[in-house]
Amino acid sequence: MSRFITAACLIASLGGCAAQTNLSCGPASPMAIFTLYLGESIPGRDDLTDQEWRAFLDTIVTDNLPNGYTVFDANGGWMNPITHATVQEHTKVLLVALPEMPDSLAAINRIRTAYQTRYRQQLVGMTVEHACGVF
């Protein structure tokens with residue numbers, strides 16, 4: 001399944017995520033664990049620079065996730081849905097646990113949209129898991 005179709009299916013299913021979660025968390029709270037996959041290859045130019053990443057992190061990510069997040073470097077591959085060529089690229093993985101509420105998904109979507117627009121990405125991959133947590 002192409003990365004585009006996978007993302008479209010995921011986005012379409014997210015509307016009901018919180019309603020489908022019936023976790024019994026005891027003293028903890030229901031949380032959504034978001035993982036974003038931010039490819040560093042940028043069409044028509046060199047890859048994302050450390051300075052560009054730092055600026056994006058300091059403004060867009062921190063502004064939307066002021067209570068914290070985790071970022072790590074990875075290498076990934078995906079099939080371009082237009083050319084069907086497999087693309088290998090360096091990737092930033094952003095991991096964050098947020099309360100199960102609509103504002104959490106809105107913050108994540110602002111980050112995804114900003115990255116896609118600023119760095120001309122076809123999409124930013126995202127997974128969501130549900131858990132209990134305390135911070």
# chains A, B, ... in the order shown; residues from 1 in each chain; ligands from 1
$ select_by_dssp --residues "chain A" --states "alpha helix (DSSP H)" --output "PyMOL selection string"
chain A and resi 3-14+17-20+50-56+62-64+102-118
$ select_by_dssp --residues "chain A" --states "strand (DSSP E or B)" --output "ChimeraX atom specification"
/A:29-39,70-79,86-99,125-133
$ write_last_selection --atoms "C-alpha atoms" --output "PDB file, in the first residue's frame"
ATOM      1  CA  SER A  29      -4.825   9.057  32.575  1.00  0.00           C
ATOM      2  CA  PRO A  30      -5.733   7.917  29.054  1.00  0.00           C
ATOM      3  CA  MET A  31      -3.029   9.082  26.647  1.00  0.00           C
ATOM      4  CA  ALA A  32      -2.517   9.116  22.890  1.00  0.00           C
ATOM      5  CA  ILE A  33       1.051   8.262  21.868  1.00  0.00           C
ATOM      6  CA  PHE A  34       1.771  10.015  18.564  1.00  0.00           C
ATOM      7  CA  THR A  35       4.776   9.103  16.433  1.00  0.00           C
ATOM      8  CA  LEU A  36       5.575  11.343  13.457  1.00  0.00           C
ATOM      9  CA  TYR A  37       8.004  10.379  10.688  1.00  0.00           C
ATOM     10  CA  LEU A  38       9.613  13.499   9.197  1.00  0.00           C
ATOM     11  CA  GLY A  39      11.695  12.721   6.124  1.00  0.00           C
ATOM     12  CA  THR A  70      11.222  13.152  22.224  1.00  0.00           C
ATOM     13  CA  VAL A  71      13.088  13.227  18.903  1.00  0.00           C
ATOM     14  CA  PHE A  72      15.477  10.661  17.495  1.00  0.00           C
ATOM     15  CA  ASP A  73      17.283  10.120  14.205  1.00  0.00           C
ATOM     16  CA  ALA A  74      16.393   7.191  11.990  1.00  0.00           C
ATOM     17  CA  ASN A  75      16.736   5.942   8.432  1.00  0.00           C
ATOM     18  CA  GLY A  76      13.634   5.020   6.510  1.00  0.00           C
ATOM     19  CA  GLY A  77      12.351   3.912   3.168  1.00  0.00           C
ATOM     20  CA  TRP A  78       9.069   4.333   1.352  1.00  0.00           C
ATOM     21  CA  MET A  79       7.637   3.878  -2.127  1.00  0.00           C
ATOM     22  CA  THR A  86      11.695   3.168  -3.350  1.00  0.00           C
ATOM     23  CA  VAL A  87      13.218   6.171  -1.630  1.00  0.00           C
ATOM     24  CA  GLN A  88      15.683   5.823   1.249  1.00  0.00           C
ATOM     25  CA  GLU A  89      16.180   8.863   3.449  1.00  0.00           C
ATOM     26  CA  HIS A  90      17.276  10.134   6.822  1.00  0.00           C
ATOM     27  CA  THR A  91      14.298  10.736   9.058  1.00  0.00           C
ATOM     28  CA  LYS A  92      13.496  12.570  12.275  1.00  0.00           C
ATOM     29  CA  VAL A  93      11.085  10.637  14.477  1.00  0.00           C
ATOM     30  CA  LEU A  94       9.014  12.755  16.856  1.00  0.00           C
ATOM     31  CA  LEU A  95       7.383  10.887  19.743  1.00  0.00           C
ATOM     32  CA  VAL A  96       4.938  12.475  22.169  1.00  0.00           C
ATOM     33  CA  ALA A  97       2.355  11.314  24.717  1.00  0.00           C
ATOM     34  CA  LEU A  98      -0.640  13.640  25.029  1.00  0.00           C
ATOM     35  CA  PRO A  99      -3.984  13.518  26.831  1.00  0.00           C
ATOM     36  CA  GLY A 125       3.690   9.705   8.397  1.00  0.00           C
ATOM     37  CA  MET A 126       1.934   9.301  11.710  1.00  0.00           C
ATOM     38  CA  THR A 127       0.945   6.460  14.002  1.00  0.00           C
ATOM     39  CA  VAL A 128      -1.204   6.681  17.116  1.00  0.00           C
ATOM     40  CA  GLU A 129      -1.292   4.278  20.039  1.00  0.00           C
ATOM     41  CA  HIS A 130      -3.442   4.461  23.130  1.00  0.00           C
ATOM     42  CA  ALA A 131      -2.070   3.909  26.616  1.00  0.00           C
ATOM     43  CA  CYS A 132      -2.273   5.064  30.210  1.00  0.00           C
ATOM     44  CA  GLY A 133       0.275   7.491  31.560  1.00  0.00           C
TER      45      GLY A 133
END
$ closest_residue --among "A:Glu100, A:Val134, A:Pro66, A:Arg110" --to "Gly26 in chain A" --atoms "only C-alpha atoms"
A:Val134
$ closest_residue --among "A:Val124, A:Asn67, A:Ala107, A:Tyr115" --to "Glu52 in chain A" --atoms "only C-alpha atoms"
A:Tyr115
$ atom_distance --atom1 "CA of Ile108 in chain A" --atom2 "CA of Pro43 in chain A"
23.3 Å
$ atom_distance --atom1 "CA of Ile111 in chain A" --atom2 "CA of Asn80 in chain A"
22.0 Å
$ decode --residues "range 65-110 of chain A" --atoms "N, CA and C atoms" --output "PDB file, in the first residue's frame"
ATOM      1  N   LEU A  65       3.944  21.789  21.404  1.00  0.00           N
ATOM      2  CA  LEU A  65       4.118  20.760  22.436  1.00  0.00           C
ATOM      3  C   LEU A  65       4.961  21.308  23.589  1.00  0.00           C
ATOM      4  N   PRO A  66       4.487  22.337  24.270  1.00  0.00           N
ATOM      5  CA  PRO A  66       5.311  22.989  25.297  1.00  0.00           C
ATOM      6  C   PRO A  66       5.643  22.107  26.497  1.00  0.00           C
ATOM      7  N   ASN A  67       4.896  21.024  26.707  1.00  0.00           N
ATOM      8  CA  ASN A  67       5.153  20.160  27.859  1.00  0.00           C
ATOM      9  C   ASN A  67       6.168  19.065  27.580  1.00  0.00           C
ATOM     10  N   GLY A  68       6.674  18.996  26.338  1.00  0.00           N
ATOM     11  CA  GLY A  68       7.740  18.056  26.056  1.00  0.00           C
ATOM     12  C   GLY A  68       7.439  17.061  24.950  1.00  0.00           C
ATOM     13  N   TYR A  69       8.506  16.471  24.451  1.00  0.00           N
ATOM     14  CA  TYR A  69       8.469  15.514  23.348  1.00  0.00           C
ATOM     15  C   TYR A  69       9.842  14.858  23.275  1.00  0.00           C
ATOM     16  N   THR A  70       9.950  13.834  22.449  1.00  0.00           N
ATOM     17  CA  THR A  70      11.222  13.152  22.224  1.00  0.00           C
ATOM     18  C   THR A  70      11.467  13.089  20.723  1.00  0.00           C
ATOM     19  N   VAL A  71      12.709  13.307  20.314  1.00  0.00           N
ATOM     20  CA  VAL A  71      13.088  13.227  18.903  1.00  0.00           C
ATOM     21  C   VAL A  71      14.287  12.308  18.794  1.00  0.00           C
ATOM     22  N   PHE A  72      14.278  11.439  17.777  1.00  0.00           N
ATOM     23  CA  PHE A  72      15.477  10.661  17.495  1.00  0.00           C
ATOM     24  C   PHE A  72      15.674  10.541  15.999  1.00  0.00           C
ATOM     25  N   ASP A  73      16.915  10.273  15.611  1.00  0.00           N
ATOM     26  CA  ASP A  73      17.283  10.120  14.205  1.00  0.00           C
ATOM     27  C   ASP A  73      17.072   8.681  13.772  1.00  0.00           C
ATOM     28  N   ALA A  74      16.622   8.524  12.542  1.00  0.00           N
ATOM     29  CA  ALA A  74      16.393   7.191  11.990  1.00  0.00           C
ATOM     30  C   ALA A  74      16.676   7.224  10.494  1.00  0.00           C
ATOM     31  N   ASN A  75      16.666   6.077   9.885  1.00  0.00           N
ATOM     32  CA  ASN A  75      16.736   5.942   8.432  1.00  0.00           C
ATOM     33  C   ASN A  75      15.495   5.189   8.006  1.00  0.00           C
ATOM     34  N   GLY A  76      14.871   5.656   6.942  1.00  0.00           N
ATOM     35  CA  GLY A  76      13.634   5.020   6.510  1.00  0.00           C
ATOM     36  C   GLY A  76      13.577   4.841   5.013  1.00  0.00           C
ATOM     37  N   GLY A  77      12.592   4.121   4.580  1.00  0.00           N
ATOM     38  CA  GLY A  77      12.351   3.912   3.168  1.00  0.00           C
ATOM     39  C   GLY A  77      10.863   3.887   2.911  1.00  0.00           C
ATOM     40  N   TRP A  78      10.472   4.345   1.745  1.00  0.00           N
ATOM     41  CA  TRP A  78       9.069   4.333   1.352  1.00  0.00           C
ATOM     42  C   TRP A  78       8.969   4.326  -0.160  1.00  0.00           C
ATOM     43  N   MET A  79       7.820   3.897  -0.680  1.00  0.00           N
ATOM     44  CA  MET A  79       7.637   3.878  -2.127  1.00  0.00           C
ATOM     45  C   MET A  79       6.895   5.140  -2.559  1.00  0.00           C
ATOM     46  N   ASN A  80       7.499   5.890  -3.478  1.00  0.00           N
ATOM     47  CA  ASN A  80       6.867   7.072  -4.035  1.00  0.00           C
ATOM     48  C   ASN A  80       5.644   6.616  -4.826  1.00  0.00           C
ATOM     49  N   PRO A  81       4.435   7.116  -4.476  1.00  0.00           N
ATOM     50  CA  PRO A  81       3.228   6.644  -5.151  1.00  0.00           C
ATOM     51  C   PRO A  81       3.137   7.082  -6.617  1.00  0.00           C
ATOM     52  N   ILE A  82       3.905   8.071  -7.007  1.00  0.00           N
ATOM     53  CA  ILE A  82       3.869   8.547  -8.392  1.00  0.00           C
ATOM     54  C   ILE A  82       4.855   7.778  -9.260  1.00  0.00           C
ATOM     55  N   THR A  83       6.102   7.672  -8.804  1.00  0.00           N
ATOM     56  CA  THR A  83       7.139   7.010  -9.614  1.00  0.00           C
ATOM     57  C   THR A  83       7.280   5.531  -9.290  1.00  0.00           C
ATOM     58  N   HIS A  84       6.757   5.090  -8.160  1.00  0.00           N
ATOM     59  CA  HIS A  84       6.883   3.717  -7.662  1.00  0.00           C
ATOM     60  C   HIS A  84       8.331   3.348  -7.354  1.00  0.00           C
ATOM     61  N   ALA A  85       9.174   4.343  -7.232  1.00  0.00           N
ATOM     62  CA  ALA A  85      10.570   4.105  -6.842  1.00  0.00           C
ATOM     63  C   ALA A  85      10.655   4.092  -5.317  1.00  0.00           C
ATOM     64  N   THR A  86      11.472   3.197  -4.786  1.00  0.00           N
ATOM     65  CA  THR A  86      11.695   3.168  -3.350  1.00  0.00           C
ATOM     66  C   THR A  86      12.728   4.225  -3.001  1.00  0.00           C
ATOM     67  N   VAL A  87      12.373   5.063  -2.052  1.00  0.00           N
ATOM     68  CA  VAL A  87      13.218   6.171  -1.630  1.00  0.00           C
ATOM     69  C   VAL A  87      13.750   5.862  -0.234  1.00  0.00           C
ATOM     70  N   GLN A  88      15.059   5.972  -0.065  1.00  0.00           N
ATOM     71  CA  GLN A  88      15.683   5.823   1.249  1.00  0.00           C
ATOM     72  C   GLN A  88      16.087   7.215   1.709  1.00  0.00           C
ATOM     73  N   GLU A  89      15.809   7.537   2.974  1.00  0.00           N
ATOM     74  CA  GLU A  89      16.180   8.863   3.449  1.00  0.00           C
ATOM     75  C   GLU A  89      16.375   8.881   4.957  1.00  0.00           C
ATOM     76  N   HIS A  90      17.147   9.869   5.396  1.00  0.00           N
ATOM     77  CA  HIS A  90      17.276  10.134   6.822  1.00  0.00           C
ATOM     78  C   HIS A  90      15.944  10.693   7.291  1.00  0.00           C
ATOM     79  N   THR A  91      15.606  10.376   8.528  1.00  0.00           N
ATOM     80  CA  THR A  91      14.298  10.736   9.058  1.00  0.00           C
ATOM     81  C   THR A  91      14.439  11.200  10.499  1.00  0.00           C
ATOM     82  N   LYS A  92      13.646  12.194  10.872  1.00  0.00           N
ATOM     83  CA  LYS A  92      13.496  12.570  12.275  1.00  0.00           C
ATOM     84  C   LYS A  92      12.211  11.904  12.750  1.00  0.00           C
ATOM     85  N   VAL A  93      12.268  11.256  13.894  1.00  0.00           N
ATOM     86  CA  VAL A  93      11.085  10.637  14.477  1.00  0.00           C
ATOM     87  C   VAL A  93      10.728  11.438  15.724  1.00  0.00           C
ATOM     88  N   LEU A  94       9.513  11.949  15.742  1.00  0.00           N
ATOM     89  CA  LEU A  94       9.014  12.755  16.856  1.00  0.00           C
ATOM     90  C   LEU A  94       8.001  11.908  17.613  1.00  0.00           C
ATOM     91  N   LEU A  95       8.234  11.725  18.900  1.00  0.00           N
ATOM     92  CA  LEU A  95       7.383  10.887  19.743  1.00  0.00           C
ATOM     93  C   LEU A  95       6.848  11.737  20.884  1.00  0.00           C
ATOM     94  N   VAL A  96       5.523  11.685  21.089  1.00  0.00           N
ATOM     95  CA  VAL A  96       4.938  12.475  22.169  1.00  0.00           C
ATOM     96  C   VAL A  96       3.700  11.780  22.724  1.00  0.00           C
ATOM     97  N   ALA A  97       3.543  11.830  24.037  1.00  0.00           N
ATOM     98  CA  ALA A  97       2.355  11.314  24.717  1.00  0.00           C
ATOM     99  C   ALA A  97       1.517  12.513  25.155  1.00  0.00           C
ATOM    100  N   LEU A  98       0.254  12.523  24.720  1.00  0.00           N
ATOM    101  CA  LEU A  98      -0.640  13.640  25.029  1.00  0.00           C
ATOM    102  C   LEU A  98      -1.952  13.109  25.581  1.00  0.00           C
ATOM    103  N   PRO A  99      -2.666  13.941  26.339  1.00  0.00           N
ATOM    104  CA  PRO A  99      -3.984  13.518  26.831  1.00  0.00           C
ATOM    105  C   PRO A  99      -4.915  13.189  25.670  1.00  0.00           C
ATOM    106  N   GLU A 100      -5.805  12.235  25.883  1.00  0.00           N
ATOM    107  CA  GLU A 100      -6.799  11.854  24.875  1.00  0.00           C
ATOM    108  C   GLU A 100      -7.830  12.979  24.775  1.00  0.00           C
ATOM    109  N   MET A 101      -7.572  13.946  23.889  1.00  0.00           N
ATOM    110  CA  MET A 101      -8.518  15.037  23.674  1.00  0.00           C
ATOM    111  C   MET A 101      -8.309  15.625  22.286  1.00  0.00           C
ATOM    112  N   PRO A 102      -9.332  16.255  21.718  1.00  0.00           N
ATOM    113  CA  PRO A 102      -9.214  16.802  20.361  1.00  0.00           C
ATOM    114  C   PRO A 102      -8.076  17.814  20.200  1.00  0.00           C
ATOM    115  N   ASP A 103      -7.778  18.590  21.237  1.00  0.00           N
ATOM    116  CA  ASP A 103      -6.691  19.574  21.143  1.00  0.00           C
ATOM    117  C   ASP A 103      -5.345  18.908  20.886  1.00  0.00           C
ATOM    118  N   SER A 104      -5.177  17.684  21.358  1.00  0.00           N
ATOM    119  CA  SER A 104      -3.913  16.973  21.149  1.00  0.00           C
ATOM    120  C   SER A 104      -3.715  16.661  19.672  1.00  0.00           C
ATOM    121  N   LEU A 105      -4.736  16.113  19.031  1.00  0.00           N
ATOM    122  CA  LEU A 105      -4.636  15.812  17.608  1.00  0.00           C
ATOM    123  C   LEU A 105      -4.456  17.095  16.801  1.00  0.00           C
ATOM    124  N   ALA A 106      -5.115  18.170  17.202  1.00  0.00           N
ATOM    125  CA  ALA A 106      -4.972  19.449  16.499  1.00  0.00           C
ATOM    126  C   ALA A 106      -3.528  19.942  16.550  1.00  0.00           C
ATOM    127  N   ALA A 107      -2.872  19.825  17.712  1.00  0.00           N
ATOM    128  CA  ALA A 107      -1.474  20.249  17.841  1.00  0.00           C
ATOM    129  C   ALA A 107      -0.574  19.419  16.934  1.00  0.00           C
ATOM    130  N   ILE A 108      -0.789  18.120  16.906  1.00  0.00           N
ATOM    131  CA  ILE A 108       0.011  17.236  16.057  1.00  0.00           C
ATOM    132  C   ILE A 108      -0.201  17.579  14.585  1.00  0.00           C
ATOM    133  N   ASN A 109      -1.430  17.817  14.199  1.00  0.00           N
ATOM    134  CA  ASN A 109      -1.707  18.153  12.802  1.00  0.00           C
ATOM    135  C   ASN A 109      -1.102  19.494  12.392  1.00  0.00           C
ATOM    136  N   ARG A 110      -1.008  20.446  13.309  1.00  0.00           N
ATOM    137  CA  ARG A 110      -0.324  21.710  12.989  1.00  0.00           C
ATOM    138  C   ARG A 110       1.151  21.462  12.683  1.00  0.00           C
TER     139      ARG A 110
END
